[in-house]
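my_file07.cif follows (mmCIF, C-alpha atoms):
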```cif
data_run
#
loop_
_atom_site.group_PDB
_atom_site.id
_atom_site.type_symbol
_atom_site.label_atom_id
_atom_site.label_comp_id
_atom_site.auth_asym_id
_atom_site.auth_seq_id
_atom_site.Cartn_x
_atom_site.Cartn_y
_atom_site.Cartn_z
ATOM 1 C CA MET G 1 94.563 94.706 112.959
ATOM 2 C CA ARG G 2 93.384 93.278 109.614
ATOM 3 C CA LEU G 3 89.910 94.796 109.996
ATOM 4 C CA GLU G 4 91.443 98.131 111.004
ATOM 5 C CA ARG G 5 93.482 98.087 107.810
ATOM 6 C CA LEU G 6 90.380 97.328 105.756
ATOM 7 C CA ARG G 7 88.719 100.376 107.295
ATOM 8 C CA ALA G 8 91.813 102.421 106.475
ATOM 9 C CA ARG G 9 91.713 101.052 102.930
ATOM 10 C CA ALA G 10 88.134 102.274 102.509
ATOM 11 C CA ALA G 11 89.124 105.722 103.806
ATOM 12 C CA ILE G 12 92.061 105.824 101.379
ATOM 13 C CA LEU G 13 89.825 104.927 98.440
ATOM 14 C CA ARG G 14 87.389 107.696 99.409
ATOM 15 C CA ALA G 15 90.264 110.151 99.703
ATOM 16 C CA LEU G 16 91.725 109.199 96.326
ATOM 17 C CA ARG G 17 88.404 109.667 94.571
ATOM 18 C CA GLY G 18 87.621 112.890 96.404
ATOM 19 C CA HIS G 19 90.982 114.444 95.588
ATOM 20 C CA LEU G 20 90.892 113.491 91.914
ATOM 21 C CA ASP G 21 87.273 114.575 91.521
ATOM 22 C CA ALA G 22 88.166 117.961 93.009
ATOM 23 C CA ALA G 23 91.072 118.219 90.548
ATOM 24 C CA ASP G 24 88.647 117.807 87.603
ATOM 25 C CA TYR G 25 89.569 114.211 86.841
ATOM 26 C CA LEU G 26 86.643 112.150 85.589
ATOM 27 C CA GLU G 27 86.272 108.609 86.916
ATOM 28 C CA VAL G 28 85.791 106.080 84.110
ATOM 29 C CA GLU G 29 85.358 102.331 83.858
ATOM 30 C CA THR G 30 86.755 100.173 81.071
ATOM 31 C CA PRO G 31 86.303 96.418 80.463
ATOM 32 C CA LEU G 32 88.261 93.821 82.391
ATOM 33 C CA ALA G 33 88.137 91.279 79.538
ATOM 34 C CA VAL G 34 90.097 92.744 76.627
ATOM 35 C CA PRO G 35 91.405 91.612 73.200
ATOM 36 C CA CYS G 36 95.013 92.467 74.103
ATOM 37 C CA PRO G 37 96.165 92.399 77.742
ATOM 38 C CA GLY G 38 99.508 94.130 77.107
ATOM 39 C CA LEU G 39 102.626 93.003 75.297
ATOM 40 C CA ASP G 40 105.315 93.702 77.898
ATOM 41 C CA VAL G 41 107.608 90.677 77.922
ATOM 42 C CA HIS G 42 107.651 90.694 81.715
ATOM 43 C CA LEU G 43 103.881 90.218 82.046
ATOM 44 C CA ALA G 44 101.658 87.162 81.627
ATOM 45 C CA ALA G 45 97.879 87.403 81.352
ATOM 46 C CA LEU G 46 94.956 85.209 82.373
ATOM 47 C CA GLU G 47 92.755 84.017 79.510
ATOM 48 C CA VAL G 48 88.962 84.361 79.635
ATOM 49 C CA ARG G 49 86.782 81.909 77.714
ATOM 50 C CA GLY G 50 83.144 81.927 76.669
ATOM 51 C CA LEU G 51 82.903 85.488 75.311
ATOM 52 C CA GLY G 52 82.833 84.509 71.637
ATOM 53 C CA ALA G 53 86.257 86.004 70.864
ATOM 54 C CA PRO G 54 89.732 85.684 72.361
ATOM 55 C CA ARG G 55 89.875 87.721 75.560
ATOM 56 C CA TRP G 56 92.265 88.129 78.468
ATOM 57 C CA LEU G 57 91.909 89.835 81.833
ATOM 58 C CA ALA G 58 93.521 93.265 81.641
ATOM 59 C CA THR G 59 96.999 93.667 83.081
ATOM 60 C CA SER G 60 96.295 97.423 82.866
ATOM 61 C CA PRO G 61 93.430 99.550 81.494
ATOM 62 C CA GLU G 62 95.940 101.693 79.572
ATOM 63 C CA TYR G 63 94.900 101.054 75.977
ATOM 64 C CA GLN G 64 91.211 101.720 76.535
ATOM 65 C CA MET G 65 91.815 104.768 78.715
ATOM 66 C CA LYS G 66 94.058 106.329 76.092
ATOM 67 C CA ARG G 67 91.304 105.823 73.540
ATOM 68 C CA LEU G 68 89.149 108.010 75.777
ATOM 69 C CA LEU G 69 91.853 110.704 75.682
ATOM 70 C CA VAL G 70 91.658 110.589 71.897
ATOM 71 C CA GLU G 71 87.886 110.994 72.093
ATOM 72 C CA GLY G 72 88.324 114.220 74.034
ATOM 73 C CA LEU G 73 88.277 113.495 77.778
ATOM 74 C CA PRO G 74 91.118 115.649 79.186
ATOM 75 C CA ARG G 75 91.606 114.180 82.677
ATOM 76 C CA ILE G 76 90.517 110.667 83.581
ATOM 77 C CA TYR G 77 91.167 108.083 86.254
ATOM 78 C CA GLN G 78 90.115 104.559 87.082
ATOM 79 C CA ILE G 79 90.351 102.476 90.241
ATOM 80 C CA GLY G 80 89.904 98.832 89.368
ATOM 81 C CA LYS G 81 91.204 95.308 89.343
ATOM 82 C CA CYS G 82 94.102 94.159 87.184
ATOM 83 C CA PHE G 83 95.437 90.645 86.751
ATOM 84 C CA ARG G 84 98.954 89.315 86.143
ATOM 85 C CA ARG G 85 99.621 85.598 86.093
ATOM 86 C CA GLY G 86 102.484 84.320 88.213
ATOM 87 C CA GLU G 87 102.899 87.418 90.399
ATOM 88 C CA LEU G 88 102.770 86.385 94.046
ATOM 89 C CA GLY G 89 104.895 87.598 96.921
ATOM 90 C CA ARG G 90 105.272 90.183 99.669
ATOM 91 C CA HIS G 91 104.354 93.032 97.326
ATOM 92 C CA HIS G 92 102.504 91.094 94.605
ATOM 93 C CA GLU G 93 99.160 89.361 94.085
ATOM 94 C CA PRO G 94 97.894 87.998 90.742
ATOM 95 C CA GLU G 95 94.714 90.061 91.303
ATOM 96 C CA PHE G 96 95.390 93.575 92.542
ATOM 97 C CA THR G 97 93.918 97.063 92.543
ATOM 98 C CA MET G 98 95.336 99.777 90.308
ATOM 99 C CA LEU G 99 94.677 103.499 90.175
ATOM 100 C CA GLU G 100 95.461 104.613 86.653
ATOM 101 C CA LEU G 101 95.197 108.264 85.631
ATOM 102 C CA TYR G 102 95.850 110.254 82.461
ATOM 103 C CA ARG G 103 96.084 113.974 81.866
ATOM 104 C CA ALA G 104 95.971 115.479 78.378
ATOM 105 C CA HIS G 105 98.098 118.498 77.428
ATOM 106 C CA ALA G 106 100.474 117.682 80.272
ATOM 107 C CA GLY G 107 103.623 115.669 80.770
ATOM 108 C CA ALA G 108 105.453 113.574 83.313
ATOM 109 C CA GLU G 109 106.280 116.505 85.589
ATOM 110 C CA GLU G 110 102.642 117.572 85.946
ATOM 111 C CA VAL G 111 101.552 114.003 86.646
ATOM 112 C CA MET G 112 104.315 113.561 89.241
ATOM 113 C CA ALA G 113 103.053 116.716 90.985
ATOM 114 C CA ASP G 114 99.506 115.329 90.891
ATOM 115 C CA THR G 115 100.784 112.042 92.354
ATOM 116 C CA GLU G 116 102.635 113.727 95.231
ATOM 117 C CA ALA G 117 99.551 115.692 96.177
ATOM 118 C CA LEU G 118 97.308 112.620 95.870
ATOM 119 C CA VAL G 119 99.453 110.427 98.133
ATOM 120 C CA ALA G 120 99.815 113.177 100.729
ATOM 121 C CA HIS G 121 96.041 113.701 100.741
ATOM 122 C CA ALA G 122 95.413 109.971 101.233
ATOM 123 C CA ALA G 123 97.900 109.891 104.122
ATOM 124 C CA ARG G 124 96.211 112.837 105.824
ATOM 125 C CA ALA G 125 92.825 111.160 105.505
ATOM 126 C CA VAL G 126 93.992 108.197 107.610
ATOM 127 C CA LEU G 127 96.887 109.481 109.687
ATOM 128 C CA GLY G 128 96.001 113.126 110.152
ATOM 129 C CA GLY G 129 99.349 114.099 108.659
ATOM 130 C CA THR G 130 101.884 113.155 106.017
ATOM 131 C CA VAL G 131 104.379 111.142 108.093
ATOM 132 C CA LEU G 132 103.907 107.411 107.474
ATOM 133 C CA PRO G 133 104.464 104.669 110.087
ATOM 134 C CA SER G 134 107.874 104.076 108.452
ATOM 135 C CA GLY G 135 108.870 107.642 109.309
ATOM 136 C CA VAL G 136 108.791 108.753 105.656
ATOM 137 C CA ASP G 137 107.179 112.160 105.146
ATOM 138 C CA VAL G 138 105.216 112.192 101.876
ATOM 139 C CA ALA G 139 104.523 115.927 101.878
ATOM 140 C CA PRO G 140 105.361 117.403 98.456
ATOM 141 C CA PRO G 141 107.657 118.037 96.758
ATOM 142 C CA TRP G 142 109.425 114.708 96.341
ATOM 143 C CA GLU G 143 112.986 114.468 95.102
ATOM 144 C CA ARG G 144 113.689 113.521 91.472
ATOM 145 C CA ILE G 145 116.746 111.338 90.763
ATOM 146 C CA THR G 146 117.685 110.091 87.318
ATOM 147 C CA VAL G 147 118.299 106.396 86.781
ATOM 148 C CA GLU G 148 121.764 107.307 85.506
ATOM 149 C CA ASP G 149 122.658 109.182 88.705
ATOM 150 C CA ALA G 150 121.124 106.534 90.973
ATOM 151 C CA PHE G 151 123.125 103.704 89.388
ATOM 152 C CA ARG G 152 126.316 105.700 89.425
ATOM 153 C CA ALA G 153 125.894 106.677 93.097
ATOM 154 C CA HIS G 154 124.545 103.431 94.528
ATOM 155 C CA ALA G 155 125.669 100.658 92.168
ATOM 156 C CA GLY G 156 128.968 102.207 91.049
ATOM 157 C CA VAL G 157 128.253 101.629 87.354
ATOM 158 C CA ASP G 158 127.277 103.523 84.251
ATOM 159 C CA VAL G 159 123.897 102.241 83.081
ATOM 160 C CA HIS G 160 125.032 102.156 79.472
ATOM 161 C CA ASP G 161 127.945 99.893 80.407
ATOM 162 C CA ILE G 162 125.576 97.127 81.563
ATOM 163 C CA LEU G 163 122.834 97.428 78.949
ATOM 164 C CA PRO G 164 121.447 95.698 76.937
ATOM 165 C CA ASP G 165 121.829 93.125 79.732
ATOM 166 C CA GLU G 166 118.478 93.897 81.365
ATOM 167 C CA ALA G 167 118.827 91.015 83.814
ATOM 168 C CA ARG G 168 121.958 92.668 85.205
ATOM 169 C CA PHE G 169 120.200 96.052 85.258
ATOM 170 C CA PHE G 170 117.332 94.754 87.369
ATOM 171 C CA GLU G 171 119.669 92.763 89.603
ATOM 172 C CA LEU G 172 121.533 95.969 90.483
ATOM 173 C CA LEU G 173 118.293 97.906 90.797
ATOM 174 C CA ILE G 174 116.918 95.437 93.352
ATOM 175 C CA ASP G 175 120.163 94.690 95.222
ATOM 176 C CA ARG G 176 121.837 98.117 95.264
ATOM 177 C CA VAL G 177 119.633 100.990 94.152
ATOM 178 C CA GLU G 178 116.310 100.212 95.853
ATOM 179 C CA PRO G 179 117.897 99.589 99.303
ATOM 180 C CA ALA G 180 119.704 102.918 98.978
ATOM 181 C CA LEU G 181 116.444 104.672 98.135
ATOM 182 C CA GLU G 182 114.849 103.064 101.187
ATOM 183 C CA ALA G 183 117.696 104.284 103.387
ATOM 184 C CA ARG G 184 117.012 107.884 102.304
ATOM 185 C CA ARG G 185 113.795 107.784 104.374
ATOM 186 C CA ALA G 186 112.105 110.123 101.919
ATOM 187 C CA PRO G 187 109.908 109.581 98.863
ATOM 188 C CA VAL G 188 111.680 109.855 95.540
ATOM 189 C CA PHE G 189 110.870 109.698 91.851
ATOM 190 C CA LEU G 190 113.357 107.684 89.797
ATOM 191 C CA VAL G 191 113.197 109.405 86.402
ATOM 192 C CA ARG G 192 114.625 109.122 82.873
ATOM 193 C CA TRP G 193 114.842 105.374 82.277
ATOM 194 C CA PRO G 194 116.888 103.759 79.500
ATOM 195 C CA ALA G 195 115.225 104.097 76.102
ATOM 196 C CA SER G 196 115.113 100.295 75.772
ATOM 197 C CA MET G 197 112.701 100.277 78.736
ATOM 198 C CA ALA G 198 110.408 102.988 77.397
ATOM 199 C CA SER G 199 107.358 100.729 77.045
ATOM 200 C CA LEU G 200 104.594 103.210 76.157
ATOM 201 C CA ALA G 201 106.583 106.299 77.157
ATOM 202 C CA ARG G 202 107.968 108.831 74.726
ATOM 203 C CA LEU G 203 111.713 109.333 74.472
ATOM 204 C CA CYS G 204 113.082 112.397 76.230
ATOM 205 C CA PRO G 205 113.133 115.288 73.726
ATOM 206 C CA ASP G 206 116.566 116.469 74.885
ATOM 207 C CA ASP G 207 118.268 113.042 74.784
ATOM 208 C CA ALA G 208 116.806 110.020 72.987
ATOM 209 C CA ARG G 209 118.960 107.629 75.044
ATOM 210 C CA TRP G 210 116.405 108.068 77.830
ATOM 211 C CA ALA G 211 112.670 107.467 78.154
ATOM 212 C CA ASP G 212 110.311 109.960 79.775
ATOM 213 C CA ARG G 213 109.378 107.398 82.403
ATOM 214 C CA PHE G 214 109.253 107.632 86.189
ATOM 215 C CA GLU G 215 108.713 105.354 89.160
ATOM 216 C CA ALA G 216 107.993 106.501 92.701
ATOM 217 C CA TYR G 217 109.572 104.865 95.732
ATOM 218 C CA VAL G 218 108.137 105.444 99.192
ATOM 219 C CA GLY G 219 110.176 103.901 101.971
ATOM 220 C CA GLY G 220 111.854 101.676 99.394
ATOM 221 C CA LEU G 221 108.493 100.397 98.106
ATOM 222 C CA GLU G 222 107.865 100.907 94.397
ATOM 223 C CA LEU G 223 104.523 102.675 94.304
ATOM 224 C CA CYS G 224 103.886 103.627 90.693
ATOM 225 C CA ASN G 225 105.067 103.594 87.098
ATOM 226 C CA GLY G 226 104.292 106.615 84.933
ATOM 227 C CA PHE G 227 105.111 108.121 81.570
ATOM 228 C CA GLY G 228 105.202 111.172 79.463
ATOM 229 C CA GLU G 229 103.115 109.252 76.960
ATOM 230 C CA LEU G 230 104.106 108.137 73.477
ATOM 231 C CA THR G 231 101.584 109.481 70.946
ATOM 232 C CA ASP G 232 103.266 108.403 67.687
ATOM 233 C CA PRO G 233 101.291 105.464 66.198
ATOM 234 C CA VAL G 234 104.140 104.375 63.903
ATOM 235 C CA GLU G 235 106.653 104.173 66.739
ATOM 236 C CA GLN G 236 104.109 102.491 69.014
ATOM 237 C CA ARG G 237 103.381 99.795 66.424
ATOM 238 C CA ALA G 238 107.110 99.206 65.941
ATOM 239 C CA ARG G 239 107.582 98.768 69.699
ATOM 240 C CA PHE G 240 104.661 96.346 69.871
ATOM 241 C CA GLU G 241 106.146 94.304 67.027
ATOM 242 C CA ARG G 242 109.511 94.162 68.826
ATOM 243 C CA ASP G 243 107.790 93.039 72.028
ATOM 244 C CA LEU G 244 105.894 90.329 70.140
ATOM 245 C CA ALA G 245 109.136 89.110 68.581
ATOM 246 C CA LYS G 246 110.764 88.919 72.014
ATOM 247 C CA ARG G 247 107.786 86.988 73.369
ATOM 248 C CA ARG G 248 108.007 84.472 70.508
ATOM 249 C CA GLU G 249 111.757 84.044 70.968
ATOM 250 C CA ALA G 250 111.303 83.462 74.697
ATOM 251 C CA GLY G 251 108.475 80.964 74.183
ATOM 252 C CA LEU G 252 105.968 83.194 75.974
ATOM 253 C CA ASP G 253 102.282 83.589 75.192
ATOM 254 C CA VAL G 254 101.736 85.784 72.141
ATOM 255 C CA TYR G 255 98.780 88.160 72.218
ATOM 256 C CA PRO G 256 97.143 90.046 69.329
ATOM 257 C CA LEU G 257 97.931 93.675 68.621
ATOM 258 C CA ASP G 258 95.234 96.051 69.829
ATOM 259 C CA GLU G 259 94.443 97.549 66.439
ATOM 260 C CA ARG G 260 91.716 99.816 67.784
ATOM 261 C CA PHE G 261 94.202 101.395 70.172
ATOM 262 C CA LEU G 262 96.667 101.937 67.326
ATOM 263 C CA GLU G 263 93.904 103.368 65.153
ATOM 264 C CA ALA G 264 93.042 105.805 67.942
ATOM 265 C CA LEU G 265 96.669 106.940 68.129
ATOM 266 C CA ALA G 266 96.610 107.477 64.356
ATOM 267 C CA ARG G 267 93.587 109.770 64.740
ATOM 268 C CA GLY G 268 95.635 111.869 67.130
ATOM 269 C CA MET G 269 96.240 111.586 70.860
ATOM 270 C CA PRO G 270 97.107 114.874 72.597
ATOM 271 C CA PRO G 271 100.414 115.227 74.440
ATOM 272 C CA SER G 272 99.691 113.488 77.737
ATOM 273 C CA GLY G 273 101.092 112.208 80.974
ATOM 274 C CA GLY G 274 99.917 109.115 82.809
ATOM 275 C CA ASN G 275 100.567 107.080 85.905
ATOM 276 C CA ALA G 276 99.647 103.668 87.317
ATOM 277 C CA ILE G 277 99.617 103.554 91.121
ATOM 278 C CA GLY G 278 99.419 100.307 93.065
ATOM 279 C CA VAL G 279 96.560 100.913 95.495
ATOM 280 C CA ASP G 280 97.369 97.876 97.638
ATOM 281 C CA ARG G 281 100.954 99.089 98.027
ATOM 282 C CA LEU G 282 99.756 102.591 98.878
ATOM 283 C CA VAL G 283 97.566 101.113 101.628
ATOM 284 C CA MET G 284 100.571 99.121 102.845
ATOM 285 C CA ALA G 285 102.674 102.284 103.064
ATOM 286 C CA ILE G 286 100.017 104.322 104.867
ATOM 287 C CA THR G 287 99.068 101.585 107.343
ATOM 288 C CA GLY G 288 102.563 100.204 107.921
ATOM 289 C CA ALA G 289 101.704 96.727 106.643
ATOM 290 C CA ALA G 290 104.657 94.471 105.849
ATOM 291 C CA HIS G 291 102.852 92.158 103.412
ATOM 292 C CA ILE G 292 100.239 92.815 100.748
ATOM 293 C CA GLU G 293 98.004 90.107 102.255
ATOM 294 C CA GLU G 294 97.554 92.333 105.316
ATOM 295 C CA VAL G 295 95.618 94.961 103.323
ATOM 296 C CA LEU G 296 93.355 92.637 101.297
ATOM 297 C CA ALA G 297 90.011 91.242 102.392
ATOM 298 C CA PHE G 298 90.779 87.897 100.767
ATOM 299 C CA PRO G 299 94.215 87.324 99.212
ATOM 300 C CA GLN G 300 94.657 84.287 96.978
ATOM 301 C CA ALA G 301 96.143 82.257 99.823
ATOM 302 C CA HIS G 302 92.939 82.661 101.847
ATOM 303 C CA LEU G 303 90.442 81.647 99.161
#
```
Rewrite the structure from the file as structure tokens, please.
Amino acid sequence: MRLERLRARAAILRALRGHLDAADYLEVETPLAVPCPGLDVHLAALEVRGLGAPRWLATSPEYQMKRLLVEGLPRIYQIGKCFRRGELGRHHEPEFTMLELYRAHAGAEEVMADTEALVAHAARAVLGGTVLPSGVDVAPPWERITVEDAFRAHAGVDVHDILPDEARFFELLIDRVEPALEARRAPVFLVRWPASMASLARLCPDDARWADRFEAYVGGLELCNGFGELTDPVEQRARFERDLAKRREAGLDVYPLDERFLEALARGMPPSGGNAIGVDRLVMAITGAAHIEEVLAFPQAHL
């Protein structure tokens, strides 16, 4: 079964590349060892030594890929390894494969449509159709549900009544909301996240209480995290500084600001949408695997 899943994985990777190439996305490669691995307080990076300057393994290729948007590439994608220290479990490995894509002069809705089509194409390549082993049909379009509506319907709370207690927010998300999404037996985008969780997303133009952020759930499995991207260098620097302050207060590793990324934003990044898709999780969904180790040639536990 493991070798069959590795063959399916190879077919999925071919399908992903073929679909994106046909949609005029350009495949790019950016370095794995970077001067800033990401400042999200929930992520920890692995340090690399011997390169003559402080470097960490990338938790995401986001900063470098956005610099390519600034330089004029309109549609880009990358399939590569990312690294996050301390992440190990049924859906997590410290070394994993990410498909990250960005589309200039577009927003979250266009990227969600691209994502639906991409996942359906990958499913057809392996299964001959869009119905997964779980019974979930990934044929587009997928439903969009706001975080506000999902918490009200499935957790019985108003999101703004529990924030800024993010621990409580994620407790309810995991214990109440995600099981309800799984029970729907259909793929869904959870959209419009609280502004405090914007990360590198812009705030929604119609209501600044919400971030233009989305996550896709397929059979209850979180598959991706995407944004209508923030392009304002002043706001981005302010968010980075807040994240650094939180990391210091929590006693976490503190990484440098990526000044070249901020300089690129200052030169002008076009309105863009982006998405980061967990390839290992996509293979799990399409092959019916219950654990991420089942779709990897050599997970950490087997090294």
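Nearest residue to Lys81 of chain G among G:Leu181, G:Ala58, G:Ala245, G:Met65 is G:Ala58, counting all atoms listed in the file.
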note - atom CA of Val147 of chain G and atom CA of Pro194 of chain G are separated by 7.9 Å
Would you give the centre and edge lengths, in Å to one decimal, of a box along x, y and z around the listed atoms of segment 107-117 of chain G, with 3 Å added to each side, as lines of an AutoDock Vina configuration file?
```
center_x = 102.9
center_y = 114.8
center_z = 88.5
size_x = 12.8
size_y = 11.5
size_z = 21.4
```
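Using all atoms listed in the file, the smallest distance between any of G:Ile286, G:Ala150, G:Ile79, G:Leu190 and Ser134 of chain G comes from G:Ile286.
Restricting the calculation to all atoms listed in the file, the smallest distance between Ala201 of chain G and any of G:Leu99, G:Ala108, G:Leu118, G:Ala297 is found for G:Ala108.
If you measure from each of G:Pro179, G:Pro299, G:Gly273, G:Pro233 to Asp212 of chain G using all atoms listed in the file, the closest one turns out to be G:Gly273.
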Computed gap from atom CA of Phe240 of chain G to atom CA of Asp40 of chain G is 8.5 Å
